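Visitor: Here's a structure for you.
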Amino acid sequence: MTEMLRMLRKLAQMNRLANARLHRACAALPPGGYEAPRPSFFGSIRATLNHVLLVDRFYIDALAGRPLDEAALAEAGDCPDLARLAEWQAREDDRLLALVAALTPEALAEIVPVDRGSRMQHDRRDDLLSHLFQHQTHHRGQVHGLLSQAGVVPPQLDEFIVGDDAAARAEDMARLGWTEDQLMRP
């Protein structure tokens, strides 16, 4: 189980790094490009990133034992600009990092109540984390494609976890204040 905790920690770190990279790339969009209508599930880069933030808030609150916060979800779903979204997303990413760092092997199998407003969902903590990481990756991939369509070179998002990628992540690691020893620790 300690290997599972290590993997979840690295996925939370990868999530933080990938979001930071994606937000920097979005900052290169021309005026109006962030919110411009685009053929996609959510209709724009802005709407897709707002959805990622909303779902992160929803699940991180549930994983932390907090009740449904409809006001915070509405705020996330309608975040008006990239700078604020990047700030709010970084905060959620840091909450997720802290949550994962505090986990014990026993906590992974715990059943977590998820307040969905009209009903309660009950799932294992490790399953919810797995779902959350998959959700984030899926929608970041959509934004990656939308950036390409908008003429912005999308960032590398699929390297991070293995040691051989150290050089490719060095600048981002420095921005985040992370070291290779922190990332690669057992």
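Letters A, B, ... go to the chains of the structure tokens in the order shown; residues in each chain start at 1; ligands are counted from 1 in the same order.
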Quick check for you: according to DSSP on this backbone, which residues of range 12-162 of chain A are classed as helix (DSSP H, G or I)? Reply as an MDAnalysis selection string.

Guide: chainID A and resid 12:26 45:63 70:77 82:101 105:108 125:149

Visitor: Neighbours of Gly77 in chain A within 6 Å (only C-alpha atoms; same-chain residues fewer than 6 positions away dropped), as an MDAnalysis selection string?

Guide: chainID A and resid 50:51 54

Visitor: Go ahead and write the selection's residues with N, CA, C and O atoms as an mmCIF file, in the first residue's frame.

Guide:
data_model
loop_
_atom_site.group_PDB
_atom_site.id
_atom_site.type_symbol
_atom_site.label_atom_id
_atom_site.label_comp_id
_atom_site.auth_asym_id
_atom_site.auth_seq_id
_atom_site.Cartn_x
_atom_site.Cartn_y
_atom_site.Cartn_z
ATOM 1 N N ASN A 50 -12.826 25.795 -16.483
ATOM 2 C CA ASN A 50 -13.742 26.040 -15.367
ATOM 3 C C ASN A 50 -14.337 24.715 -14.876
ATOM 4 O O ASN A 50 -14.491 24.507 -13.669
ATOM 5 N N HIS A 51 -14.653 23.826 -15.809
ATOM 6 C CA HIS A 51 -15.203 22.520 -15.433
ATOM 7 C C HIS A 51 -14.183 21.713 -14.617
ATOM 8 O O HIS A 51 -14.541 21.094 -13.609
ATOM 9 N N LEU A 54 -14.139 23.192 -11.153
ATOM 10 C CA LEU A 54 -15.372 22.861 -10.436
ATOM 11 C C LEU A 54 -15.318 21.425 -9.912
ATOM 12 O O LEU A 54 -15.595 21.169 -8.730
#

Visitor: Quick check, in Å to one decimal: how far apart do CA of His23 in chain A and CA of Leu8 in chain A lie?

Guide: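 So the answer is 22.5 Å.
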
Visitor: Expressed in Å to a single decimal, how great is the separation between CA of Thr2 in chain A and CA of Pro67 in chain A?

Guide: 28.5 Å

Visitor: Mind checking which residues fall within 8 Å of range 38-41 of chain A, counting only C-alpha atoms, ignoring those fewer than 6 positions away in the same chain, and posting them as a CSV table (one decimal) with N, CA, C and O atoms, in the first residue's frame?

Guide:
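Dumped to around16.csv:
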chain,number,residue,atom,x,y,z
A,48,THR,N,-14.0,24.7,-20.4
A,48,THR,CA,-13.4,23.4,-20.1
A,48,THR,C,-12.5,23.5,-18.8
A,48,THR,O,-12.6,22.7,-17.9
A,142,GLN,N,-8.2,17.7,-23.7
A,142,GLN,CA,-9.1,18.4,-24.6
A,142,GLN,C,-8.6,19.8,-24.8
A,142,GLN,O,-8.6,20.4,-25.9
A,146,LEU,N,-7.5,21.9,-28.1
A,146,LEU,CA,-8.0,23.3,-28.5
A,146,LEU,C,-6.9,24.3,-28.6
A,146,LEU,O,-7.1,25.2,-29.5

Visitor: Restricting the calculation to only C-alpha atoms: of A:Ala27, A:Ala166, A:Ala64, A:Val153, which residue gets closest to Asp181 in chain A?

Guide: A:Ala166

Visitor: For the structure I just gave you, how does DSSP split chain A - specifically, which residues are strand (DSSP E)? Reply as a PyMOL selection string.

Guide: chain A and resi 111-115+120-124
